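Trainee: Data file data.cif (mmCIF, C-alpha atoms) is appended below.
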```cif
data_entry
loop_
_atom_site.label_atom_id
_atom_site.label_comp_id
_atom_site.auth_asym_id
_atom_site.auth_seq_id
_atom_site.Cartn_x
_atom_site.Cartn_y
_atom_site.Cartn_z
CA MET A 761 -188.64 16.24 -65.24
CA LEU A 762 -191.44 18.19 -63.57
CA ASP A 763 -191.21 15.89 -60.54
CA ILE A 764 -187.48 16.60 -60.29
CA SER A 765 -188.17 20.33 -60.49
CA ASN A 766 -190.68 20.09 -57.65
CA LEU A 767 -188.28 17.98 -55.60
CA LEU A 768 -185.54 20.59 -56.05
CA HIS A 769 -188.00 23.27 -54.98
CA ASN A 770 -188.63 21.42 -51.71
CA ALA A 771 -184.90 20.86 -51.24
CA ALA A 772 -184.28 24.58 -51.66
CA LEU A 773 -186.92 25.32 -49.02
CA LEU A 774 -185.25 22.93 -46.57
CA MET A 775 -181.79 24.39 -47.22
CA THR A 776 -183.06 27.94 -46.76
CA VAL A 777 -184.66 27.01 -43.43
CA LEU A 778 -181.40 25.40 -42.30
CA ALA A 779 -179.44 28.45 -43.44
CA LEU A 780 -181.77 30.70 -41.45
CA ILE A 781 -181.34 28.57 -38.31
CA GLY A 782 -177.58 28.53 -38.81
CA ASN A 783 -177.42 32.30 -39.19
CA VAL A 784 -179.56 32.86 -36.11
CA ILE A 785 -177.22 30.68 -34.05
CA ALA A 786 -174.11 32.27 -35.58
CA VAL A 787 -175.31 35.82 -34.90
CA ALA A 788 -176.46 35.00 -31.36
CA THR A 789 -173.18 33.23 -30.58
CA ARG A 790 -171.02 36.06 -31.88
CA ALA A 791 -173.16 38.62 -30.07
CA ARG A 792 -172.68 36.75 -26.80
CA LEU A 793 -168.94 36.42 -27.33
CA ARG A 794 -168.48 40.08 -28.19
CA SER A 795 -170.54 41.18 -25.20
CA VAL A 796 -167.82 39.90 -22.88
CA GLN A 797 -164.92 41.36 -24.85
CA THR A 798 -163.30 44.69 -24.06
CA PRO A 799 -164.37 47.31 -26.62
CA SER A 800 -161.65 48.79 -28.78
CA ARG A 801 -162.09 51.43 -31.45
CA GLN A 802 -160.93 51.22 -35.01
CA ARG A 803 -161.68 52.91 -38.33
CA VAL A 804 -163.48 51.00 -41.03
CA ALA A 805 -164.29 52.43 -44.45
CA VAL A 806 -167.85 51.82 -45.56
CA GLY A 807 -170.14 53.08 -48.25
CA ALA A 808 -169.41 54.41 -51.69
CA GLY A 809 -168.40 57.70 -53.27
CA GLY A 810 -165.54 58.19 -50.86
CA ALA A 811 -167.82 58.33 -47.86
CA ASP A 812 -166.19 56.88 -44.76
CA ALA A 813 -167.79 56.18 -41.43
CA VAL A 814 -166.04 55.59 -38.15
CA LEU A 815 -167.17 52.33 -36.64
CA ASP A 816 -166.25 50.89 -33.32
CA ASP A 817 -166.06 47.19 -32.63
CA ALA A 818 -169.76 47.24 -31.89
CA MET A 819 -170.46 48.23 -35.49
CA GLU A 820 -167.88 46.45 -37.58
CA PRO A 821 -169.00 44.12 -40.36
CA ASP A 822 -169.78 40.63 -39.16
CA VAL A 823 -167.12 38.49 -40.82
CA ASP A 824 -166.63 34.93 -39.68
CA GLU A 825 -163.13 33.62 -39.41
CA GLY A 826 -162.62 30.12 -40.79
CA ARG A 827 -165.28 27.58 -41.63
CA GLY A 828 -167.67 28.05 -38.77
CA LEU A 829 -171.44 27.71 -38.68
CA GLY A 830 -171.88 31.04 -40.44
CA TRP A 831 -169.66 29.93 -43.33
CA TYR A 832 -171.69 26.75 -43.84
CA SER A 833 -174.92 28.77 -43.64
CA ASP A 834 -173.65 31.01 -46.44
CA ARG A 835 -172.86 27.97 -48.57
CA LEU A 836 -176.37 26.65 -47.93
CA ILE A 837 -177.84 29.92 -49.19
CA GLU A 838 -175.74 29.72 -52.34
CA LEU A 839 -176.66 26.06 -52.83
CA SER A 840 -180.34 26.88 -52.34
CA PHE A 841 -180.08 29.61 -54.98
CA VAL A 842 -178.43 27.21 -57.44
CA THR A 843 -180.99 24.50 -56.66
CA LEU A 844 -183.87 26.90 -57.30
CA THR A 845 -182.21 27.99 -60.53
CA ILE A 846 -182.08 24.40 -61.76
CA SER A 847 -185.67 23.82 -60.62
CA LEU A 848 -186.88 26.84 -62.59
CA VAL A 849 -184.87 25.87 -65.67
CA LEU A 850 -186.30 22.33 -65.62
CA ARG A 851 -189.82 23.70 -65.29
CA SER A 852 -189.15 25.99 -68.26
CA LEU A 853 -188.09 23.00 -70.34
CA VAL A 854 -191.34 21.23 -69.46
CA THR A 855 -193.64 24.21 -70.09
CA GLY A 856 -191.81 25.70 -73.06
CA HIS A 857 -191.76 29.18 -71.55
CA ALA A 858 -190.14 31.10 -68.72
CA PRO A 859 -191.43 29.96 -65.29
CA PHE A 860 -193.43 33.12 -64.64
CA ALA A 861 -196.96 32.21 -65.75
CA ASN A 862 -198.79 31.51 -62.48
CA GLN A 863 -198.61 32.23 -58.78
CA PHE A 864 -196.55 29.13 -57.99
CA GLU A 865 -193.93 30.02 -60.56
CA PHE A 866 -193.85 33.70 -59.66
CA SER A 867 -193.57 32.95 -55.92
CA THR A 868 -190.68 30.58 -56.57
CA ALA A 869 -188.97 33.10 -58.84
CA PHE A 870 -189.53 35.83 -56.23
CA ALA A 871 -187.79 33.66 -53.60
CA TRP A 872 -184.99 32.96 -56.09
CA ALA A 873 -184.45 36.70 -56.56
CA VAL A 874 -184.52 37.34 -52.80
CA LEU A 875 -181.80 34.73 -52.25
CA GLY A 876 -179.73 36.01 -55.16
CA CYS A 877 -179.91 39.65 -54.09
CA PHE A 878 -179.18 38.76 -50.48
CA ALA A 879 -176.17 36.63 -51.49
CA TYR A 880 -174.76 39.59 -53.42
CA PHE A 881 -175.22 42.15 -50.64
CA GLU A 882 -173.96 39.75 -47.99
CA TRP A 883 -170.84 39.13 -50.09
CA ARG A 884 -170.42 42.85 -50.80
CA TYR A 885 -170.84 44.09 -47.22
CA LYS A 886 -170.01 40.98 -45.15
CA ILE A 887 -173.05 41.45 -42.92
CA ARG A 888 -174.59 38.32 -41.49
CA GLY A 889 -177.28 40.04 -39.43
CA LEU A 890 -179.20 40.91 -42.60
CA ALA A 891 -180.02 37.20 -42.99
CA LEU A 892 -182.24 37.33 -39.91
CA LEU A 893 -184.82 39.32 -41.86
CA VAL A 894 -184.17 38.44 -45.50
CA LEU A 895 -184.18 34.65 -45.21
CA PRO A 896 -187.61 34.49 -43.50
CA ILE A 897 -189.02 36.26 -46.57
CA ALA A 898 -187.51 33.62 -48.86
CA VAL A 899 -188.74 30.82 -46.59
CA ALA A 900 -192.26 32.29 -46.53
CA LEU A 901 -192.34 32.59 -50.32
CA LEU A 902 -191.12 29.03 -50.87
CA PHE A 903 -193.51 27.63 -48.27
CA TYR A 904 -196.38 29.58 -49.82
CA ALA A 905 -195.44 28.29 -53.27
CA SER A 906 -195.19 24.70 -52.01
CA ASN A 907 -198.89 24.87 -51.07
CA LEU A 908 -200.02 26.09 -54.49
CA ASP A 909 -200.98 24.10 -57.55
CA LYS A 910 -197.76 22.96 -59.27
CA ASP A 911 -199.42 21.44 -62.34
CA VAL A 912 -198.57 22.74 -65.79
CA SER A 913 -201.47 24.27 -67.72
CA PRO A 914 -201.63 25.83 -71.21
CA LEU A 915 -201.02 29.56 -71.23
CA ILE A 916 -204.09 31.74 -71.39
CA PRO A 917 -204.19 33.98 -74.50
CA ALA A 918 -203.00 37.07 -72.61
CA LEU A 919 -199.76 35.31 -71.66
CA GLN A 920 -198.91 33.91 -75.08
CA ASN A 921 -196.03 36.27 -75.75
CA SER A 922 -192.91 34.48 -74.60
CA LEU A 923 -190.53 37.44 -74.94
CA LEU A 924 -192.67 39.94 -73.02
CA LEU A 925 -193.65 37.31 -70.45
CA THR A 926 -189.97 36.67 -69.75
CA LEU A 927 -188.80 40.28 -69.68
CA HIS A 928 -191.77 41.76 -67.83
CA VAL A 929 -191.83 39.23 -65.01
CA PHE A 930 -188.04 38.84 -64.78
CA THR A 931 -187.63 42.57 -64.11
CA ALA A 932 -190.44 42.31 -61.54
CA VAL A 933 -188.81 39.50 -59.56
CA ILE A 934 -185.37 41.17 -59.56
CA GLY A 935 -186.91 44.45 -58.41
CA ASN A 936 -188.90 42.67 -55.71
CA GLY A 937 -185.85 40.71 -54.55
CA ALA A 938 -183.81 43.88 -54.15
CA ALA A 939 -186.75 45.54 -52.39
CA ALA A 940 -186.74 42.72 -49.84
CA VAL A 941 -183.09 43.48 -49.03
CA SER A 942 -183.84 47.19 -48.65
CA PHE A 943 -186.73 46.33 -46.33
CA ALA A 944 -184.52 44.16 -44.13
CA ALA A 945 -181.88 46.89 -43.94
CA ALA A 946 -184.52 49.48 -43.01
CA VAL A 947 -186.01 47.34 -40.23
CA LEU A 948 -182.57 46.66 -38.77
CA PHE A 949 -181.78 50.37 -39.04
CA LEU A 950 -184.84 51.26 -36.96
CA ALA A 951 -184.14 48.46 -34.49
CA ARG A 952 -180.40 49.15 -34.18
CA PRO A 953 -180.63 51.73 -31.34
CA HIS A 954 -182.79 49.35 -29.31
CA ILE A 955 -180.81 46.14 -29.85
CA HIS A 956 -177.52 46.02 -28.04
CA TRP A 957 -176.01 43.20 -30.04
CA LYS A 958 -172.56 44.38 -30.91
CA VAL A 959 -172.47 42.00 -33.86
CA LEU A 960 -175.07 44.01 -35.80
CA PRO A 961 -173.83 46.44 -38.46
CA SER A 962 -173.81 50.18 -38.00
CA GLU A 963 -176.71 52.41 -38.94
CA GLU A 964 -174.50 53.96 -41.64
CA VAL A 965 -173.90 50.59 -43.28
CA LEU A 966 -177.57 49.61 -43.07
CA GLU A 967 -178.63 52.90 -44.62
CA GLU A 968 -176.10 52.38 -47.40
CA ILE A 969 -177.40 48.87 -48.12
CA GLY A 970 -181.00 50.09 -48.19
CA TYR A 971 -180.08 52.78 -50.69
CA ARG A 972 -177.98 50.52 -52.91
CA ALA A 973 -180.75 47.92 -52.99
CA VAL A 974 -183.25 50.52 -54.18
CA VAL A 975 -180.78 51.71 -56.82
CA LEU A 976 -181.12 48.18 -58.21
CA ALA A 977 -184.85 47.78 -57.56
CA PHE A 978 -186.13 51.06 -58.99
CA PRO A 979 -184.84 50.63 -62.59
CA MET A 980 -186.15 47.05 -62.59
CA LEU A 981 -189.60 48.20 -61.45
CA THR A 982 -189.51 50.95 -64.08
CA LEU A 983 -188.78 48.42 -66.82
CA MET A 984 -191.49 46.16 -65.41
CA ILE A 985 -194.12 48.87 -65.79
CA VAL A 986 -192.98 49.93 -69.27
CA LEU A 987 -192.84 46.35 -70.53
CA GLY A 988 -196.17 45.60 -68.86
CA ALA A 989 -197.76 48.52 -70.68
CA LEU A 990 -196.42 47.29 -74.01
CA TRP A 991 -197.68 43.80 -73.25
CA ALA A 992 -201.09 45.11 -72.18
CA ASP A 993 -201.46 46.92 -75.48
CA THR A 994 -200.62 43.71 -77.32
CA ALA A 995 -202.91 41.49 -75.21
CA TRP A 996 -205.81 43.79 -74.37
CA GLY A 997 -205.55 46.64 -76.87
CA ARG A 998 -204.70 49.38 -74.36
CA TYR A 999 -201.55 50.37 -72.48
CA TRP A 1000 -203.18 50.99 -69.11
CA SER A 1001 -206.41 49.73 -67.58
CA TRP A 1002 -206.14 50.79 -63.93
CA ASP A 1003 -206.26 47.11 -63.09
CA PRO A 1004 -205.67 46.59 -59.32
CA LYS A 1005 -202.27 44.95 -59.89
CA GLU A 1006 -201.24 47.67 -62.34
CA THR A 1007 -202.31 50.37 -59.91
CA ALA A 1008 -200.51 48.73 -56.99
CA ALA A 1009 -197.35 48.39 -59.08
CA LEU A 1010 -197.54 52.08 -59.96
CA VAL A 1011 -197.96 53.04 -56.30
CA THR A 1012 -194.95 50.88 -55.42
CA TRP A 1013 -192.88 52.57 -58.12
CA LEU A 1014 -193.93 56.00 -56.85
CA ILE A 1015 -192.91 55.14 -53.28
CA TYR A 1016 -189.42 54.06 -54.31
CA GLY A 1017 -189.16 57.06 -56.63
CA ALA A 1018 -190.11 59.30 -53.71
CA TYR A 1019 -187.45 57.63 -51.57
CA LEU A 1020 -184.72 58.23 -54.15
CA HIS A 1021 -185.85 61.81 -54.67
CA ALA A 1022 -185.99 62.47 -50.92
CA ARG A 1023 -182.56 60.97 -50.35
CA VAL A 1024 -180.70 62.42 -53.33
CA ILE A 1025 -182.41 65.81 -53.70
CA ALA A 1026 -183.74 66.58 -50.22
CA GLY A 1027 -181.00 64.76 -48.33
CA TRP A 1028 -183.32 62.52 -46.33
CA ARG A 1029 -181.55 60.14 -44.01
CA GLY A 1030 -182.42 58.25 -40.86
CA ASN A 1031 -185.83 57.08 -39.72
CA ARG A 1032 -187.89 58.90 -42.34
CA ALA A 1033 -186.02 57.24 -45.18
CA ALA A 1034 -186.19 53.84 -43.45
CA TRP A 1035 -189.96 54.08 -43.07
CA LEU A 1036 -190.28 54.84 -46.79
CA LEU A 1037 -188.38 51.64 -47.57
CA ILE A 1038 -190.67 49.65 -45.29
CA LEU A 1039 -193.73 51.23 -46.91
CA GLY A 1040 -192.31 50.38 -50.32
CA PHE A 1041 -191.97 46.71 -49.47
CA VAL A 1042 -195.47 46.62 -47.98
CA ALA A 1043 -196.62 47.88 -51.38
CA VAL A 1044 -194.55 45.14 -53.07
CA VAL A 1045 -196.28 42.47 -50.97
CA PHE A 1046 -199.69 44.01 -51.65
CA THR A 1047 -198.97 44.03 -55.38
CA PHE A 1048 -197.89 40.40 -55.14
CA LEU A 1049 -200.95 39.16 -53.25
CA GLY A 1050 -203.62 41.80 -53.78
CA ASN A 1051 -205.10 40.27 -56.92
CA HIS A 1052 -206.38 37.37 -54.78
CA TRP A 1053 -208.82 39.78 -53.14
CA PHE A 1054 -209.43 42.34 -55.88
CA GLY A 1055 -209.33 40.18 -59.00
CA GLY A 1056 -208.88 42.09 -62.24
CA LEU A 1057 -207.01 41.32 -65.42
CA HIS A 1058 -204.14 39.77 -63.47
CA SER A 1059 -206.32 37.36 -61.50
CA TYR A 1060 -204.54 34.40 -63.12
CA ALA A 1061 -201.33 35.29 -61.21
#
```
Could you rewrite the structure in this file as structure tokens?
Mentor:
Amino acid sequence: MLDISNLLHNAALLMTVLALIGNVIAVATRARLRSVQTPSRQRVAVGAGGADAVLDDAMEPDVDEGRGLGWYSDRLIELSFVTLTISLVLRSLVTGHAPFANQFEFSTAFAWAVLGCFAYFEWRYKIRGLALLVLPIAVALLFYASNLDKDVSPLIPALQNSLLLTLHVFTAVIGNGAAAVSFAAAVLFLARPHIHWKVLPSEEVLEEIGYRAVVLAFPMLTLMIVLGALWADTAWGRYWSWDPKETAALVTWLIYGAYLHARVIAGWRGNRAAWLLILGFVAVVFTFLGNHWFGGLHSYA
């Protein structure tokens, strides 16, 4: 069963790579076709809370008609997500616990969350261009995981709490997956004035996606920290140890909290808000990988 799980992991990596290539071709092809068309203006409602933005044809959502390459790429993403889900479930059946106990499992679960969050936002906003930045993150995570030790080992004493292991790490991967989407939206937002591909979404839509992704990520990261503190008290006898991974997670939480405060209370929009989202995801990546260099109580993952 473990061999099947690993095989499905590799299959998901291959499908995600193919989906990325398909999306690149689809976006480039549509951009080239639109560049020779005569512009025409129309109104398109975007956002939430009654907020409407006027988009011209250069900023309309990228929706493929019929079953073209983009459609098949979307199905590959969904199939990759389902394949990873089955892979993680099979690994859970082998290990007897949620697949969150080591770096291989967490990296795979992180990629799973990235694909799931992207699939939702792509369905919600019909924006293919987002795949150009989100899918490379999923590919990198799966490739990184494929080069790690996949063997199953007994849980160390600190991890022998199945409920907290599941809840703490599950909230972390969902929060990180949504953060990856907000990062992609922020990078495209900053690049939008300099890229003259008419197929790309408007700055208003990208800003909306970045915000909505953080609205999902921030509560998940909050729960992650609270549950982690409860688990730390159970495992190590104290709620907080200023462990490098704990500290990095707190800094990440503060950055996204600052973003929400700046946007909702201070009315931040535009480049400043986008840079905060990018900084937040840099902190996510540092939290994910930093224990390799700094060790600490989380050195096992």
Trainee: Quick check, in Å to one decimal: how far apart do CA of Leu981 in chain A and CA of Gly1017 in chain A lie?
Mentor: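 Result for CA of Leu981 in chain A versus CA of Gly1017 in chain A: 10.1 Å, one decimal.
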Trainee: With only C-alpha atoms counted and 9 Å as the cut-off, give the residues of range 877-927 of chain A in contact with range 783-792 of chain A, each with its shortest interatomic distance in Å and the pair that gives it, as a tab-separated table.
Mentor:
```
residue	atom	partner	partner_atom	distance
A:Arg888	CA	A:Asn783	CA	7.0
A:Gly889	CA	A:Val787	CA	6.5
A:Ala891	CA	A:Asn783	CA	6.7
A:Leu892	CA	A:Val784	CA	6.5
```
Trainee: Counting all atoms listed in the file, which residue out of A:Gly876, A:Pro896, A:Pro859, A:Gly988 sits closest to His928 in chain A?
Mentor: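 Closest to His928 in chain A of all the choices is A:Gly988.
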Trainee: Mind telling me what the PyMOL selection byres ((chain A and resi 975-978) around 8) catches here, as a PDB file with C-alpha atoms, keeping the file's coordinate frame?
Mentor:
```pdb
ATOM      1  CA  ILE A 934    -185.370  41.170 -59.560  1.00  0.00           C
ATOM      2  CA  GLY A 935    -186.910  44.450 -58.410  1.00  0.00           C
ATOM      3  CA  ASN A 936    -188.900  42.670 -55.710  1.00  0.00           C
ATOM      4  CA  GLY A 937    -185.850  40.710 -54.550  1.00  0.00           C
ATOM      5  CA  ALA A 938    -183.810  43.880 -54.150  1.00  0.00           C
ATOM      6  CA  ALA A 939    -186.750  45.540 -52.390  1.00  0.00           C
ATOM      7  CA  TYR A 971    -180.080  52.780 -50.690  1.00  0.00           C
ATOM      8  CA  ARG A 972    -177.980  50.520 -52.910  1.00  0.00           C
ATOM      9  CA  ALA A 973    -180.750  47.920 -52.990  1.00  0.00           C
ATOM     10  CA  VAL A 974    -183.250  50.520 -54.180  1.00  0.00           C
ATOM     11  CA  PRO A 979    -184.840  50.630 -62.590  1.00  0.00           C
ATOM     12  CA  MET A 980    -186.150  47.050 -62.590  1.00  0.00           C
ATOM     13  CA  LEU A 981    -189.600  48.200 -61.450  1.00  0.00           C
ATOM     14  CA  THR A 982    -189.510  50.950 -64.080  1.00  0.00           C
ATOM     15  CA  TRP A1013    -192.880  52.570 -58.120  1.00  0.00           C
ATOM     16  CA  TYR A1016    -189.420  54.060 -54.310  1.00  0.00           C
ATOM     17  CA  GLY A1017    -189.160  57.060 -56.630  1.00  0.00           C
TER      18      GLY A1017
END
```
Trainee: Just want the 12 Å neighbourhood of Gly1030 in chain A, counted on all atoms listed in the file, with same-chain residues fewer than 6 positions away dropped. Output as a PDB file with C-alpha atoms, in the coordinates of the input.
Mentor:
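That gives us result16.pdb:
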```pdb
ATOM      1  CA  ALA A 945    -181.880  46.890 -43.940  1.00  0.00           C
ATOM      2  CA  ALA A 946    -184.520  49.480 -43.010  1.00  0.00           C
ATOM      3  CA  VAL A 947    -186.010  47.340 -40.230  1.00  0.00           C
ATOM      4  CA  LEU A 948    -182.570  46.660 -38.770  1.00  0.00           C
ATOM      5  CA  PHE A 949    -181.780  50.370 -39.040  1.00  0.00           C
ATOM      6  CA  LEU A 950    -184.840  51.260 -36.960  1.00  0.00           C
ATOM      7  CA  ALA A 951    -184.140  48.460 -34.490  1.00  0.00           C
ATOM      8  CA  ARG A 952    -180.400  49.150 -34.180  1.00  0.00           C
ATOM      9  CA  PRO A 953    -180.630  51.730 -31.340  1.00  0.00           C
ATOM     10  CA  GLU A 963    -176.710  52.410 -38.940  1.00  0.00           C
ATOM     11  CA  GLU A 964    -174.500  53.960 -41.640  1.00  0.00           C
ATOM     12  CA  VAL A 965    -173.900  50.590 -43.280  1.00  0.00           C
ATOM     13  CA  LEU A 966    -177.570  49.610 -43.070  1.00  0.00           C
ATOM     14  CA  GLU A 967    -178.630  52.900 -44.620  1.00  0.00           C
ATOM     15  CA  GLU A 968    -176.100  52.380 -47.400  1.00  0.00           C
ATOM     16  CA  GLY A 970    -181.000  50.090 -48.190  1.00  0.00           C
ATOM     17  CA  TYR A 971    -180.080  52.780 -50.690  1.00  0.00           C
ATOM     18  CA  TYR A1019    -187.450  57.630 -51.570  1.00  0.00           C
ATOM     19  CA  ALA A1022    -185.990  62.470 -50.920  1.00  0.00           C
ATOM     20  CA  ARG A1023    -182.560  60.970 -50.350  1.00  0.00           C
ATOM     21  CA  LEU A1036    -190.280  54.840 -46.790  1.00  0.00           C
ATOM     22  CA  LEU A1037    -188.380  51.640 -47.570  1.00  0.00           C
TER      23      LEU A1037
END
```
Trainee: Can you tell me how far CA of Ala1009 in chain A sits from CA of Ala898 in chain A, in Å to one decimal?
Mentor: 20.5 Å
Trainee: In Å, how far is it from CA of Lys1005 in chain A to CA of Thr1047 in chain A?
Mentor: 5.7 Å
Trainee: Find the residue from A:Val1042, A:Ala1026, A:Leu768, A:Ala944 that sits nearest to Val1011 in chain A; use all atoms listed in the file when measuring.
Mentor: A:Val1042
Trainee: Which residue, A:Leu836, A:Leu778, A:Ala989, A:Ala900, has the smallest gap to Asp1003 in chain A when you use only C-alpha atoms?
Mentor: A:Ala989
Trainee: Could you list, as JSON, numbers by chain, every residue matched by the PyMOL selection byres ((chain A and resi 912) around 12) in this structure?
Mentor: {"A": [761, 762, 763, 765, 766, 851, 852, 853, 854, 855, 856, 857, 859, 860, 861, 862, 863, 864, 865, 908, 909, 910, 911, 913, 914, 915, 916]}
Trainee: Taking the file as shown, find all residues satisfying the PyMOL selection byres ((chain A and resi 1006) around 12) and write them as a ChimeraX atom specification.
Mentor: /A:981,984-989,992,999-1005,1007-1013,1043-1044,1046-1048,1050-1051,1054-1059
Trainee: Given the choices A:Leu990, A:Ala772, A:Val899, A:Leu927, which gets closest to Phe841 in chain A if the distance is worked out from all atoms listed in the file?
Mentor: A:Ala772
Trainee: Draw an axis-aligned box over all listed atoms of range 888-893 of chain A, pad each side with 8 Å, and write its centre and edge lengths in Å, one decimal, as lines of an AutoDock Vina configuration file.
Mentor:
```
center_x = -179.7
center_y = 39.1
center_z = -41.2
size_x = 26.2
size_y = 19.7
size_z = 19.6
```
